[in-house]
>>> print(open('coords-v9.cif').read())   # mmCIF, C-alpha atoms and all ligand atoms
data_input
#
loop_
_atom_site.label_atom_id
_atom_site.label_comp_id
_atom_site.auth_asym_id
_atom_site.auth_seq_id
_atom_site.Cartn_x
_atom_site.Cartn_y
_atom_site.Cartn_z
CA MET A 1 -27.89 -25.56 39.35
CA ALA A 2 -25.02 -27.06 41.34
CA GLY A 3 -22.85 -24.62 43.31
CA SER A 4 -19.78 -24.95 41.09
CA GLU A 5 -21.88 -24.38 37.93
CA THR A 6 -23.38 -21.22 39.45
CA LEU A 7 -19.87 -20.01 40.18
CA THR A 8 -18.76 -20.78 36.64
CA ALA A 9 -21.77 -18.98 35.15
CA ALA A 10 -21.21 -15.97 37.42
CA ARG A 11 -17.74 -15.49 35.98
CA TRP A 12 -19.43 -14.60 32.69
CA MET A 13 -21.01 -11.52 34.32
CA HIS A 14 -19.53 -8.36 32.87
CA PRO A 15 -20.74 -4.76 33.34
CA GLU A 16 -20.84 -4.22 29.55
CA LEU A 17 -23.52 -6.92 29.18
CA ASP A 18 -26.05 -4.68 30.96
CA ARG A 19 -25.43 -1.80 28.57
CA CYS A 20 -26.81 -3.61 25.55
CA VAL A 21 -30.44 -2.62 24.99
CA HIS A 22 -30.84 -5.16 22.16
CA CYS A 23 -31.78 -2.48 19.61
CA GLY A 24 -30.07 -4.30 16.74
CA LEU A 25 -28.49 -1.18 15.23
CA CYS A 26 -25.18 -3.04 15.10
CA LEU A 27 -26.41 -5.90 12.93
CA SER A 28 -25.61 -4.46 9.51
CA ALA A 29 -22.07 -3.56 10.69
CA CYS A 30 -21.33 -7.21 11.43
CA PRO A 31 -19.60 -9.15 8.64
CA THR A 32 -20.68 -12.58 9.91
CA TYR A 33 -24.31 -11.50 10.24
CA ARG A 34 -24.21 -10.09 6.72
CA VAL A 35 -23.01 -13.46 5.41
CA LEU A 36 -25.16 -15.81 7.48
CA GLY A 37 -28.18 -13.64 8.31
CA ARG A 38 -28.51 -15.47 11.65
CA GLU A 39 -29.22 -13.63 14.89
CA ALA A 40 -26.89 -15.98 16.80
CA ASP A 41 -24.00 -14.80 14.59
CA SER A 42 -24.70 -11.11 15.13
CA PRO A 43 -23.30 -8.87 17.90
CA ARG A 44 -26.72 -8.69 19.58
CA GLY A 45 -27.10 -12.46 19.36
CA ARG A 46 -23.65 -13.12 20.76
CA ILE A 47 -24.24 -10.71 23.64
CA TYR A 48 -27.59 -12.41 24.33
CA GLN A 49 -25.87 -15.80 24.51
CA MET A 50 -23.24 -14.41 26.90
CA ILE A 51 -26.03 -13.04 29.13
CA GLN A 52 -27.84 -16.37 29.15
CA VAL A 53 -24.64 -18.23 30.05
CA ALA A 54 -23.92 -15.67 32.80
CA HIS A 55 -27.37 -16.21 34.30
CA GLY A 56 -27.08 -19.97 34.11
CA ASN A 57 -29.95 -20.23 31.59
CA LEU A 58 -27.76 -21.64 28.83
CA PRO A 59 -24.90 -24.12 29.16
CA LEU A 60 -21.60 -23.24 27.54
CA SER A 61 -22.33 -25.66 24.73
CA ALA A 62 -20.39 -26.38 21.54
CA SER A 63 -23.02 -24.34 19.70
CA VAL A 64 -22.47 -21.22 21.84
CA ILE A 65 -18.71 -21.54 21.46
CA ARG A 66 -19.10 -21.91 17.69
CA HIS A 67 -21.08 -18.65 17.43
CA LEU A 68 -18.46 -16.86 19.53
CA ASP A 69 -15.58 -18.40 17.57
CA LEU A 70 -17.08 -17.12 14.31
CA CYS A 71 -16.83 -13.52 15.52
CA VAL A 72 -13.93 -11.82 13.70
CA ALA A 73 -13.42 -9.45 16.68
CA CYS A 74 -13.41 -6.62 14.15
CA ARG A 75 -15.38 -4.35 16.52
CA GLY A 76 -17.41 -2.83 13.70
CA CYS A 77 -20.37 -3.24 16.05
CA GLU A 78 -18.78 -0.81 18.53
CA SER A 79 -18.79 2.02 15.98
CA ALA A 80 -22.44 1.30 15.18
CA CYS A 81 -23.68 0.99 18.77
CA PRO A 82 -25.52 4.08 20.10
CA SER A 83 -25.29 2.75 23.66
CA GLY A 84 -21.49 2.58 23.56
CA VAL A 85 -21.26 -1.13 24.35
CA ARG A 86 -17.58 -2.09 24.44
CA TYR A 87 -18.05 -5.36 22.62
CA GLY A 88 -14.29 -5.95 22.29
CA GLU A 89 -14.05 -6.35 26.08
CA LEU A 90 -16.95 -8.80 26.05
CA ILE A 91 -15.57 -11.09 23.39
CA GLU A 92 -12.09 -11.10 24.98
CA HIS A 93 -13.63 -11.87 28.38
CA ALA A 94 -15.71 -14.70 26.88
CA ARG A 95 -12.74 -16.18 25.05
CA THR A 96 -10.59 -16.05 28.19
CA LEU A 97 -13.25 -18.03 30.06
CA ILE A 98 -13.64 -20.54 27.22
CA GLU A 99 -9.87 -20.97 27.14
CA GLN A 100 -9.82 -21.60 30.92
CA THR A 101 -12.43 -24.34 30.72
CA SER A 102 -11.39 -27.55 29.01
CA VAL A 103 -14.11 -27.51 26.39
CA ARG A 104 -11.92 -27.45 23.29
CA PRO A 105 -10.40 -30.67 21.94
CA THR A 106 -6.91 -31.20 23.40
CA PHE A 107 -5.29 -31.14 19.96
CA VAL A 108 -6.84 -27.76 19.13
CA ARG A 109 -5.77 -26.28 22.48
CA LEU A 110 -2.22 -27.57 22.08
CA ALA A 111 -1.92 -26.34 18.47
CA ARG A 112 -3.15 -22.84 19.41
CA ARG A 113 -0.81 -22.66 22.37
CA LEU A 114 2.16 -23.95 20.37
CA ALA A 115 1.56 -21.31 17.70
CA LEU A 116 0.98 -18.43 20.12
CA ARG A 117 3.44 -19.32 22.90
CA HIS A 118 6.33 -20.49 20.75
CA LEU A 119 6.08 -19.83 17.02
CA VAL A 120 5.13 -16.13 16.98
CA LEU A 121 7.53 -15.32 19.85
CA SER A 122 10.61 -16.95 18.36
CA PRO A 123 12.50 -15.24 15.53
CA VAL A 124 14.33 -18.53 14.89
CA MET A 125 11.08 -20.50 14.52
CA LEU A 126 9.39 -17.77 12.47
CA ARG A 127 12.36 -17.52 10.11
CA SER A 128 12.45 -21.32 9.72
CA ALA A 129 8.71 -21.49 9.06
CA ALA A 130 9.02 -18.66 6.52
CA ARG A 131 11.86 -20.48 4.72
CA LEU A 132 9.77 -23.64 4.46
CA LEU A 133 6.80 -21.64 3.18
CA TRP A 134 9.03 -19.84 0.68
CA VAL A 135 10.32 -23.15 -0.70
CA TYR A 136 6.74 -24.47 -0.84
CA GLN A 137 5.61 -21.36 -2.74
CA ARG A 138 8.59 -20.93 -5.08
CA ALA A 139 9.72 -24.49 -5.89
CA GLY A 140 6.44 -25.38 -7.53
CA CYS A 141 5.31 -27.57 -4.59
CA ARG A 142 2.24 -25.42 -4.05
CA THR A 143 1.12 -25.82 -7.65
CA VAL A 144 1.52 -29.60 -7.43
CA VAL A 145 -0.23 -29.79 -4.04
CA ARG A 146 -3.13 -27.66 -5.25
CA LYS A 147 -3.56 -29.49 -8.56
CA ALA A 148 -3.45 -32.90 -6.87
CA ARG A 149 -5.73 -31.64 -4.06
CA LEU A 150 -3.39 -33.12 -1.46
CA LEU A 151 -4.45 -30.85 1.41
CA PRO A 152 -7.54 -31.52 3.55
CA SER A 153 -10.32 -29.07 2.65
CA LYS A 154 -9.90 -26.66 5.60
CA LEU A 155 -6.12 -26.50 5.12
CA ALA A 156 -6.56 -26.04 1.36
CA LEU A 157 -8.80 -23.04 2.08
CA ALA A 158 -6.32 -21.61 4.61
CA ASP A 159 -3.54 -22.06 2.04
CA GLN A 160 -5.27 -19.44 -0.13
CA PHE A 161 -4.52 -16.83 2.54
CA ALA A 162 -0.86 -17.65 3.14
CA PRO A 163 1.29 -14.54 2.64
CA GLU A 164 3.83 -14.54 -0.19
CA ILE A 165 7.17 -14.75 1.62
CA GLU A 166 9.77 -12.22 0.43
CA PRO A 167 13.17 -12.85 2.05
CA PRO A 168 15.20 -11.42 3.71
CA SER A 169 13.31 -11.05 6.97
CA PHE A 170 13.17 -7.73 8.80
CA TYR A 171 14.87 -9.18 11.90
CA ARG A 172 18.26 -8.21 10.42
CA TYR A 173 17.59 -4.57 11.37
CA TYR A 174 16.87 -5.32 15.03
CA GLY A 175 19.15 -3.43 17.39
CA GLN A 176 20.00 -0.75 14.82
CA THR A 177 19.27 2.97 14.74
CA LEU A 178 19.01 4.04 11.11
CA PRO A 179 19.81 7.72 10.64
CA ALA A 180 17.52 10.42 9.28
CA GLN A 181 18.02 11.66 5.76
CA GLY A 182 18.30 15.41 5.22
CA THR A 183 17.22 17.78 7.98
CA ARG A 184 16.84 15.83 11.22
CA ARG A 185 13.45 16.27 12.92
CA GLY A 186 13.67 13.72 15.72
CA ARG A 187 14.01 10.09 16.77
CA VAL A 188 11.31 7.44 16.73
CA ALA A 189 11.18 3.81 17.80
CA PHE A 190 9.72 1.35 15.29
CA PHE A 191 7.51 -1.50 16.45
CA ALA A 192 8.09 -4.25 13.86
CA GLY A 193 5.51 -6.88 14.91
CA CYS A 194 6.07 -10.64 15.01
CA VAL A 195 4.86 -12.47 11.88
CA ALA A 196 5.24 -9.18 9.97
CA ASN A 197 9.02 -9.58 10.20
CA VAL A 198 8.82 -12.46 7.73
CA ALA A 199 5.46 -11.90 6.01
CA CYS A 200 5.60 -8.12 5.55
CA ALA A 201 9.35 -7.42 5.55
CA SER A 202 9.14 -5.19 2.46
CA LEU A 203 6.38 -3.15 4.10
CA ASN A 204 8.44 -2.71 7.27
CA ARG A 205 11.40 -1.56 5.17
CA ALA A 206 9.20 0.93 3.30
CA THR A 207 7.93 2.30 6.62
CA VAL A 208 11.45 2.87 7.91
CA ARG A 209 12.50 4.45 4.59
CA VAL A 210 9.65 6.96 4.71
CA LEU A 211 10.34 7.90 8.33
CA ARG A 212 14.03 8.42 7.54
CA ARG A 213 13.31 10.46 4.42
CA LEU A 214 11.02 12.68 6.44
CA GLY A 215 13.80 13.41 8.91
CA TYR A 216 13.60 10.81 11.67
CA ASP A 217 16.27 8.56 13.12
CA VAL A 218 14.58 5.17 13.39
CA TRP A 219 15.48 3.00 16.37
CA ILE A 220 14.49 -0.68 16.07
CA PRO A 221 14.85 -2.15 19.58
CA ALA A 222 16.40 -5.62 19.58
CA ARG A 223 14.39 -7.12 22.44
CA GLN A 224 10.95 -5.97 21.32
CA THR A 225 8.40 -8.75 21.10
CA CYS A 226 4.89 -9.51 19.80
CA CYS A 227 2.29 -6.93 20.93
CA GLY A 228 0.10 -9.64 22.51
CA ALA A 229 -3.03 -8.91 20.44
CA LEU A 230 -3.23 -12.46 19.11
CA HIS A 231 -2.98 -13.79 22.67
CA ALA A 232 -5.60 -11.40 24.06
CA HIS A 233 -8.00 -12.27 21.22
CA ALA A 234 -7.45 -15.98 21.83
CA GLY A 235 -8.20 -15.63 25.54
CA LEU A 236 -4.57 -15.97 26.72
CA ARG A 237 -4.67 -12.81 28.81
CA GLU A 238 -1.73 -13.56 31.09
CA ASP A 239 0.47 -14.21 28.07
CA ALA A 240 -0.62 -10.88 26.59
CA GLN A 241 0.23 -9.09 29.86
CA LYS A 242 3.67 -10.69 29.99
CA LEU A 243 4.46 -9.49 26.45
CA ALA A 244 3.15 -6.02 27.32
CA ARG A 245 5.57 -5.79 30.28
CA GLN A 246 8.51 -6.76 28.07
CA ASN A 247 7.64 -4.17 25.41
CA VAL A 248 7.14 -1.44 28.03
CA ASP A 249 10.59 -2.13 29.48
CA VAL A 250 12.28 -2.32 26.08
CA PHE A 251 10.76 0.79 24.49
CA LEU A 252 11.12 3.01 27.56
CA ALA A 253 14.81 2.12 27.89
CA GLU A 254 15.93 4.85 25.46
CA PRO A 255 14.53 8.30 24.71
CA CYS A 256 12.44 8.80 21.57
CA ASP A 257 9.64 11.06 20.35
CA ALA A 258 7.16 8.31 19.51
CA ILE A 259 6.71 4.56 19.24
CA VAL A 260 5.49 4.01 15.68
CA SER A 261 3.55 1.01 14.37
CA ASN A 262 2.41 0.29 10.81
CA ALA A 263 -0.05 -2.40 11.93
CA ALA A 264 -3.45 -1.19 13.12
CA GLY A 265 -4.07 -4.36 15.12
CA CYS A 266 -0.72 -4.13 16.92
CA GLY A 267 -1.14 -0.38 17.48
CA ALA A 268 -4.55 -0.94 19.06
CA ALA A 269 -3.02 -3.52 21.40
CA LEU A 270 -0.05 -1.29 22.28
CA LYS A 271 -2.49 1.52 23.10
CA SER A 272 -4.34 -0.87 25.47
CA TYR A 273 -1.34 -1.68 27.66
CA ALA A 274 -2.43 0.66 30.46
CA ASP A 275 -5.75 -1.24 30.63
CA TRP A 276 -4.09 -4.64 30.37
CA LEU A 277 -1.70 -3.77 33.21
CA ALA A 278 -4.16 -1.72 35.30
CA SER A 279 -3.96 -4.15 38.22
CA ASP A 280 -0.16 -4.34 38.17
CA PRO A 281 1.14 -1.65 40.57
CA VAL A 282 4.70 -1.97 39.26
CA TYR A 283 3.80 -1.48 35.61
CA VAL A 284 0.62 0.58 35.40
CA GLY A 285 2.45 3.93 35.60
CA LYS A 286 5.07 2.93 33.03
CA ALA A 287 2.35 1.52 30.76
CA LYS A 288 0.55 4.89 30.79
CA VAL A 289 3.75 6.65 29.69
CA PHE A 290 4.24 4.02 26.98
CA VAL A 291 0.66 4.39 25.68
CA GLN A 292 1.06 8.17 25.41
CA MET A 293 3.95 7.59 23.00
CA VAL A 294 2.33 5.05 20.68
CA ARG A 295 1.29 6.31 17.24
CA ASP A 296 -0.01 4.57 14.18
CA VAL A 297 2.33 5.53 11.35
CA THR A 298 -0.53 7.33 9.52
CA GLU A 299 -1.39 9.25 12.68
CA PHE A 300 2.25 10.21 13.17
CA LEU A 301 2.88 11.32 9.57
CA ASP A 302 -0.44 13.17 9.34
CA ALA A 303 0.48 15.15 12.46
CA THR A 304 4.10 15.83 11.50
CA GLY A 305 3.36 16.60 7.84
CA VAL A 306 4.52 15.27 4.47
CA ASN A 307 3.49 18.05 2.11
CA GLY A 308 6.07 19.42 -0.25
CA GLN A 309 8.06 16.19 -0.23
CA LEU A 310 5.90 14.07 -2.53
CA ARG A 311 6.17 13.75 -6.29
CA PRO A 312 3.02 13.17 -8.35
CA LEU A 313 1.52 9.71 -8.79
CA LYS A 314 -1.12 9.47 -11.51
CA VAL A 315 -3.16 6.62 -10.10
CA ARG A 316 -6.70 5.76 -8.98
CA VAL A 317 -6.79 4.23 -5.50
CA THR A 318 -9.43 3.03 -3.10
CA TYR A 319 -8.90 2.82 0.66
CA GLN A 320 -9.94 -0.06 2.94
CA ASP A 321 -10.24 1.04 6.58
CA PRO A 322 -8.55 -1.50 8.86
CA CYS A 323 -11.03 -2.35 11.63
CA HIS A 324 -8.55 -1.69 14.41
CA LEU A 325 -7.69 1.69 12.94
CA ALA A 326 -11.26 2.87 12.26
CA HIS A 327 -13.25 1.22 15.04
CA VAL A 328 -10.66 0.98 17.81
CA GLN A 329 -8.10 3.77 17.26
CA LYS A 330 -10.77 5.99 15.63
CA LEU A 331 -8.41 6.99 12.84
CA ARG A 332 -10.33 7.38 9.59
CA GLU A 333 -9.23 10.74 8.21
CA ALA A 334 -5.45 10.65 8.80
CA PRO A 335 -4.78 7.92 6.18
CA ARG A 336 -7.12 9.59 3.69
CA ARG A 337 -5.45 12.99 4.22
CA LEU A 338 -2.05 11.41 3.56
CA LEU A 339 -3.32 9.84 0.32
CA ARG A 340 -4.87 13.13 -0.81
CA ALA A 341 -1.55 14.86 -0.12
CA VAL A 342 0.00 12.94 -3.04
CA PRO A 343 -0.31 15.14 -6.14
CA GLY A 344 -2.23 13.45 -8.98
CA LEU A 345 -3.60 10.62 -6.84
CA GLU A 346 -7.36 10.10 -7.16
CA LEU A 347 -9.06 8.57 -4.11
CA ARG A 348 -12.24 6.67 -4.97
CA GLU A 349 -14.25 5.55 -1.95
CA MET A 350 -15.65 2.04 -2.04
CA LEU A 351 -18.97 1.07 -0.46
CA HIS A 352 -18.61 -0.10 3.16
CA ALA A 353 -14.91 0.84 3.31
CA ASP A 354 -14.93 0.28 7.07
CA LEU A 355 -16.52 -3.16 6.90
CA CYS A 356 -14.06 -5.96 7.81
CA CYS A 357 -12.13 -7.74 5.01
CA GLY A 358 -12.11 -11.03 6.97
CA SER A 359 -8.48 -10.95 8.06
CA GLY A 360 -8.85 -10.69 11.85
CA GLY A 361 -5.33 -11.68 12.99
CA ILE A 362 -5.27 -15.46 12.53
CA TYR A 363 -9.03 -15.63 11.84
CA SER A 364 -8.46 -16.36 8.14
CA LEU A 365 -6.49 -19.47 9.14
CA LEU A 366 -8.93 -20.59 11.87
CA GLU A 367 -12.14 -19.84 9.95
CA PRO A 368 -11.05 -19.86 6.31
CA SER A 369 -14.48 -20.51 4.85
CA MET A 370 -16.12 -17.49 6.51
CA SER A 371 -13.05 -15.35 5.92
CA LEU A 372 -13.14 -16.20 2.21
CA GLU A 373 -16.79 -15.24 1.81
CA ILE A 374 -16.26 -11.93 3.65
CA LEU A 375 -13.27 -11.27 1.40
CA ARG A 376 -15.18 -12.15 -1.79
CA ARG A 377 -17.84 -9.57 -0.92
CA LYS A 378 -15.17 -6.99 -0.07
CA MET A 379 -13.48 -7.52 -3.43
CA GLU A 380 -16.77 -6.99 -5.30
CA GLU A 381 -16.91 -3.51 -3.77
CA VAL A 382 -13.23 -2.90 -4.49
CA ASN A 383 -13.70 -3.91 -8.13
CA GLU A 384 -16.67 -1.58 -8.53
CA THR A 385 -14.51 1.46 -7.83
CA GLY A 386 -12.28 0.83 -10.87
CA ALA A 387 -9.26 1.65 -8.68
CA GLU A 388 -5.84 0.44 -9.82
CA TRP A 389 -4.45 0.27 -6.30
CA VAL A 390 -6.15 -1.01 -3.14
CA VAL A 391 -4.66 0.78 -0.16
CA THR A 392 -4.96 -0.10 3.50
CA ALA A 393 -3.06 0.57 6.74
CA ASN A 394 -2.64 -2.74 8.50
CA THR A 395 -0.37 -5.70 7.91
CA GLY A 396 -3.16 -8.28 8.25
CA CYS A 397 -5.46 -6.47 5.79
CA TRP A 398 -2.47 -6.03 3.44
CA VAL A 399 -1.93 -9.81 3.32
CA GLN A 400 -5.68 -10.53 3.12
CA LEU A 401 -6.34 -8.07 0.28
CA LYS A 402 -3.41 -9.51 -1.70
CA ALA A 403 -5.17 -12.88 -1.44
CA GLY A 404 -8.40 -11.10 -2.41
CA VAL A 405 -6.85 -9.71 -5.59
CA ARG A 406 -5.35 -13.13 -6.46
CA LEU A 407 -8.71 -14.84 -6.01
CA PHE A 408 -11.35 -12.27 -6.95
CA GLY A 409 -9.60 -9.14 -8.16
CA ARG A 410 -8.70 -7.48 -11.42
CA GLY A 411 -4.94 -7.33 -11.04
CA GLN A 412 -4.93 -4.36 -8.65
CA ARG A 413 -1.81 -3.60 -6.63
CA VAL A 414 -2.26 -3.77 -2.87
CA LEU A 415 -0.29 -1.25 -0.81
CA HIS A 416 -0.13 0.16 2.69
CA VAL A 417 -0.56 3.95 2.90
CA VAL A 418 3.10 4.22 3.84
CA GLU A 419 4.11 2.34 0.67
CA VAL A 420 2.19 4.88 -1.41
CA LEU A 421 4.16 7.61 0.36
CA ASP A 422 7.35 5.65 -0.22
CA GLU A 423 6.68 5.64 -3.98
CA ALA A 424 5.82 9.32 -3.88
CA CYS A 425 9.02 10.10 -1.92
CA ARG A 426 11.35 8.36 -4.36
CA ALA A 427 12.29 11.64 -6.03
CA GLY A 428 14.24 12.33 -2.84
CA GLY A 429 16.75 9.57 -3.71
CA GLU A 430 17.54 6.28 -2.03
CA VAL A 431 18.50 6.16 1.62
CA SER A 432 21.57 4.28 2.74
CA GLY A 433 21.87 1.38 5.17
CA GLY A 434 20.37 -1.48 3.15
CA LEU A 435 16.85 -0.08 3.20
S1 LIG A 501 -24.59 -3.91 20.99
FE1 LIG A 501 -25.38 -1.80 20.89
S2 LIG A 501 -26.25 -1.61 18.84
FE2 LIG A 501 -25.99 -3.82 19.24
S3 LIG A 501 -27.96 -4.47 20.07
FE3 LIG A 501 -26.67 -3.94 21.83
S4 LIG A 501 -27.13 -1.79 22.27
FE4 LIG A 501 -27.93 -2.20 20.21
S1 LIG A 502 -16.70 -7.84 16.45
FE1 LIG A 502 -17.20 -7.84 14.24
S2 LIG A 502 -17.73 -9.99 13.78
FE2 LIG A 502 -17.78 -9.78 16.03
S3 LIG A 502 -19.90 -9.31 16.53
FE3 LIG A 502 -18.87 -7.31 16.31
S4 LIG A 502 -19.18 -6.73 14.15
FE4 LIG A 502 -19.65 -8.95 14.32
#
>>> encode(input="coords-v9.cif", output="structure tokens", more="lines below")
Ligand code: SF4
Ligand code: SF4
Amino acid sequence: MAGSETLTAARWMHPELDRCVHCGLCLSACPTYRVLGREADSPRGRIYQMIQVAHGNLPLSASVIRHLDLCVACRGCESACPSGVRYGELIEHARTLIEQTSVRPTFVRLARRLALRHLVLSPVMLRSAARLLWVYQRAGCRTVVRKARLLPSKLALADQFAPEIEPPSFYRYYGQTLPAQGTRRGRVAFFAGCVANVACASLNRATVRVLRRLGYDVWIPARQTCCGALHAHAGLREDAQKLARQNVDVFLAEPCDAIVSNAAGCGAALKSYADWLASDPVYVGKAKVFVQMVRDVTEFLDATGVNGQLRPLKVRVTYQDPCHLAHVQKLREAPRRLLRAVPGLELREMLHADLCCGSGGIYSLLEPSMSLEILRRKMEEVNETGAEWVVTANTGCWVQLKAGVRLFGRGQRVLHVVEVLDEACRAGGEVSGGL
């Protein structure tokens, strides 16, 4: 091998690669392996390919990149692995190196960078894109486009996953502190996400309502930005670090008891800031303080308590574990305890509740065909429970499962855990302030 190629291969070395003993116990936890049944699309197979590239035995070919691209980065394999391989670090490392080499077509690289460096970071662009999507969805254009099959096949598939836009956006609450209702218990900061401000505005409002009803002033910092998870997953590590620094500065600027997120993927990223900024002497200390304050909303409410404030809901629900809540934040019981705290609610477990639904950040848009098949299988298991509501705890899964019900479901409602609590809290009366 030429010297520069050896150097390039050596950059693929990662201590986690050595920890894999190739036992294969992770295979059945992998959604892409379950669909394709191919070793190369399993966690063990992907790790093997990374090792071969690192040792210079395999070129970084289009085929290797394809197998790595198909990974949803759900990290279900981490929960299944008895050797404790931190696969999430491996796939992020691999994607960073792929991004740094010029192996992707220029158009694809530019489109990804435009979306991640401009669209998701700009409230103006996100609001404009949401307005266009809203017109497309509500003015009958979508029906015409679908009937006439005007979209190319991959775009037509991705169109199935587009969230239903519900104006107004959540950005209007930025910079406000909305007061607690009833006995005040404290003050929390709310992390609102990026795309969620336009795609999940009603969910964000429900989250704030519940926190206020349970006695918390809710501060929504104006200069907060995207958590950086999408950038880290796409291999844009420096971009992710830059966003982390901004959020650390913004959220530590005022005192609060916790930084609350209703998105498992964002929460997992926020909790990783100390690792992301470990080599930054100016920020590592502040990042550690920040991480100590981050709570998923289910984690926060489970710890602070909701009992005695919920009216009965006579409904059968099933719960889908978001990957980044179950496999990364290790929160499986808190959301279930909150659901069981609602009088009259019956929780029916589905098979493989912690198996990915195919959402994966922007995975459903990048790999719509695989995402759709993963979702179809998920919905079969949802349908088998006979539940009337499908409940989850992540914005991405919330959007994905709504598409799942539209395409393969039986008319179930899809809610976030906090929306179930919101319905159960209604007996307490409406809160003021436009929420
Ligand atoms: S990642 Fe873990 S479970 Fe999977 S093959 Fe390697 S050691 Fe076994
Ligand atoms: S992260 Fe998910 S999709 Fe990727 S290898 Fe692991 S289990 Fe499979």
>>> closest_residue(input="coords-v9.cif", among="A:Ser153, A:Ser79, A:Thr8, A:Gln49", to="ligand LIG 501 (chain A)", atoms="all atoms listed in the file")
A:Ser79
>>> closest_atom_pairs(input="coords-v9.cif", of="chain A", to="ligand LIG 501 (chain A)", cutoff="10 Å", atoms="all atoms listed in the file", output="JSON lines")
{"residue": "A:Glu16", "atom": "CA", "partner": "A:LIG501", "partner_atom": "S1", "distance": 9.4}
{"residue": "A:Leu17", "atom": "CA", "partner": "A:LIG501", "partner_atom": "FE3", "distance": 8.5}
{"residue": "A:Asp18", "atom": "CA", "partner": "A:LIG501", "partner_atom": "FE3", "distance": 9.2}
{"residue": "A:Arg19", "atom": "CA", "partner": "A:LIG501", "partner_atom": "S4", "distance": 6.5}
{"residue": "A:Cys20", "atom": "CA", "partner": "A:LIG501", "partner_atom": "FE3", "distance": 3.7}
{"residue": "A:Val21", "atom": "CA", "partner": "A:LIG501", "partner_atom": "S4", "distance": 4.4}
{"residue": "A:His22", "atom": "CA", "partner": "A:LIG501", "partner_atom": "S3", "distance": 3.6}
{"residue": "A:Cys23", "atom": "CA", "partner": "A:LIG501", "partner_atom": "FE4", "distance": 3.9}
{"residue": "A:Gly24", "atom": "CA", "partner": "A:LIG501", "partner_atom": "S3", "distance": 3.9}
{"residue": "A:Leu25", "atom": "CA", "partner": "A:LIG501", "partner_atom": "S2", "distance": 4.3}
{"residue": "A:Cys26", "atom": "CA", "partner": "A:LIG501", "partner_atom": "S2", "distance": 4.1}
{"residue": "A:Leu27", "atom": "CA", "partner": "A:LIG501", "partner_atom": "FE2", "distance": 6.7}
{"residue": "A:Ser28", "atom": "CA", "partner": "A:LIG501", "partner_atom": "FE2", "distance": 9.8}
{"residue": "A:Ala29", "atom": "CA", "partner": "A:LIG501", "partner_atom": "S2", "distance": 9.4}
{"residue": "A:Cys30", "atom": "CA", "partner": "A:LIG501", "partner_atom": "FE2", "distance": 9.7}
{"residue": "A:Ser42", "atom": "CA", "partner": "A:LIG501", "partner_atom": "FE2", "distance": 8.5}
{"residue": "A:Pro43", "atom": "CA", "partner": "A:LIG501", "partner_atom": "FE2", "distance": 5.9}
{"residue": "A:Arg44", "atom": "CA", "partner": "A:LIG501", "partner_atom": "S3", "distance": 4.4}
{"residue": "A:Gly45", "atom": "CA", "partner": "A:LIG501", "partner_atom": "S3", "distance": 8.1}
{"residue": "A:Arg46", "atom": "CA", "partner": "A:LIG501", "partner_atom": "S1", "distance": 9.3}
{"residue": "A:Ile47", "atom": "CA", "partner": "A:LIG501", "partner_atom": "S1", "distance": 7.3}
{"residue": "A:Tyr48", "atom": "CA", "partner": "A:LIG501", "partner_atom": "FE3", "distance": 8.9}
{"residue": "A:Cys77", "atom": "CA", "partner": "A:LIG501", "partner_atom": "FE2", "distance": 6.5}
{"residue": "A:Glu78", "atom": "CA", "partner": "A:LIG501", "partner_atom": "S1", "distance": 7.0}
{"residue": "A:Ser79", "atom": "CA", "partner": "A:LIG501", "partner_atom": "S2", "distance": 8.8}
{"residue": "A:Ala80", "atom": "CA", "partner": "A:LIG501", "partner_atom": "S2", "distance": 6.0}
{"residue": "A:Cys81", "atom": "CA", "partner": "A:LIG501", "partner_atom": "S2", "distance": 3.7}
{"residue": "A:Pro82", "atom": "CA", "partner": "A:LIG501", "partner_atom": "S2", "distance": 5.9}
{"residue": "A:Ser83", "atom": "CA", "partner": "A:LIG501", "partner_atom": "S4", "distance": 5.1}
{"residue": "A:Gly84", "atom": "CA", "partner": "A:LIG501", "partner_atom": "FE1", "distance": 6.4}
{"residue": "A:Val85", "atom": "CA", "partner": "A:LIG501", "partner_atom": "FE1", "distance": 5.4}
{"residue": "A:Arg86", "atom": "CA", "partner": "A:LIG501", "partner_atom": "S1", "distance": 8.0}
{"residue": "A:Tyr87", "atom": "CA", "partner": "A:LIG501", "partner_atom": "S1", "distance": 6.9}
>>> closest_residue(input="coords-v9.cif", among="A:Arg11, A:Arg38, A:His118, A:Arg237", to="ligand LIG 502 (chain A)", atoms="all atoms listed in the file")
A:Arg38
>>> closest_residue(input="coords-v9.cif", among="A:Gly344, A:Arg113, A:Met350, A:Phe170", to="Leu203 in chain A", atoms="all atoms listed in the file")
A:Phe170
>>> residues_around(input="coords-v9.cif", residues="Thr177 in chain A", least_positions_apart="5", cutoff="8 Å", atoms="only C-alpha atoms", output="PyMOL selection string")
chain A and resi 217-220
>>> residues_around(input="coords-v9.cif", residues="Val342 in chain A", least_positions_apart="4", cutoff="12 Å", atoms="only C-alpha atoms", output="PyMOL selection string")
chain A and resi 305-317+335-338+346-347+417-425
>>> closest_residue(input="coords-v9.cif", among="A:Val53, A:Leu110, A:Cys74, A:Cys200", to="His327 in chain A", atoms="only C-alpha atoms")
A:Cys74
>>> closest_residue(input="coords-v9.cif", among="A:Arg340, A:His416, A:His67, A:Arg184", to="ligand LIG 502 (chain A)", atoms="all atoms listed in the file")
A:His67
>>> closest_residue(input="coords-v9.cif", among="A:Lys378, A:Arg112, A:Lys271, A:Arg146", to="Thr318 in chain A", atoms="only C-alpha atoms")
A:Lys378
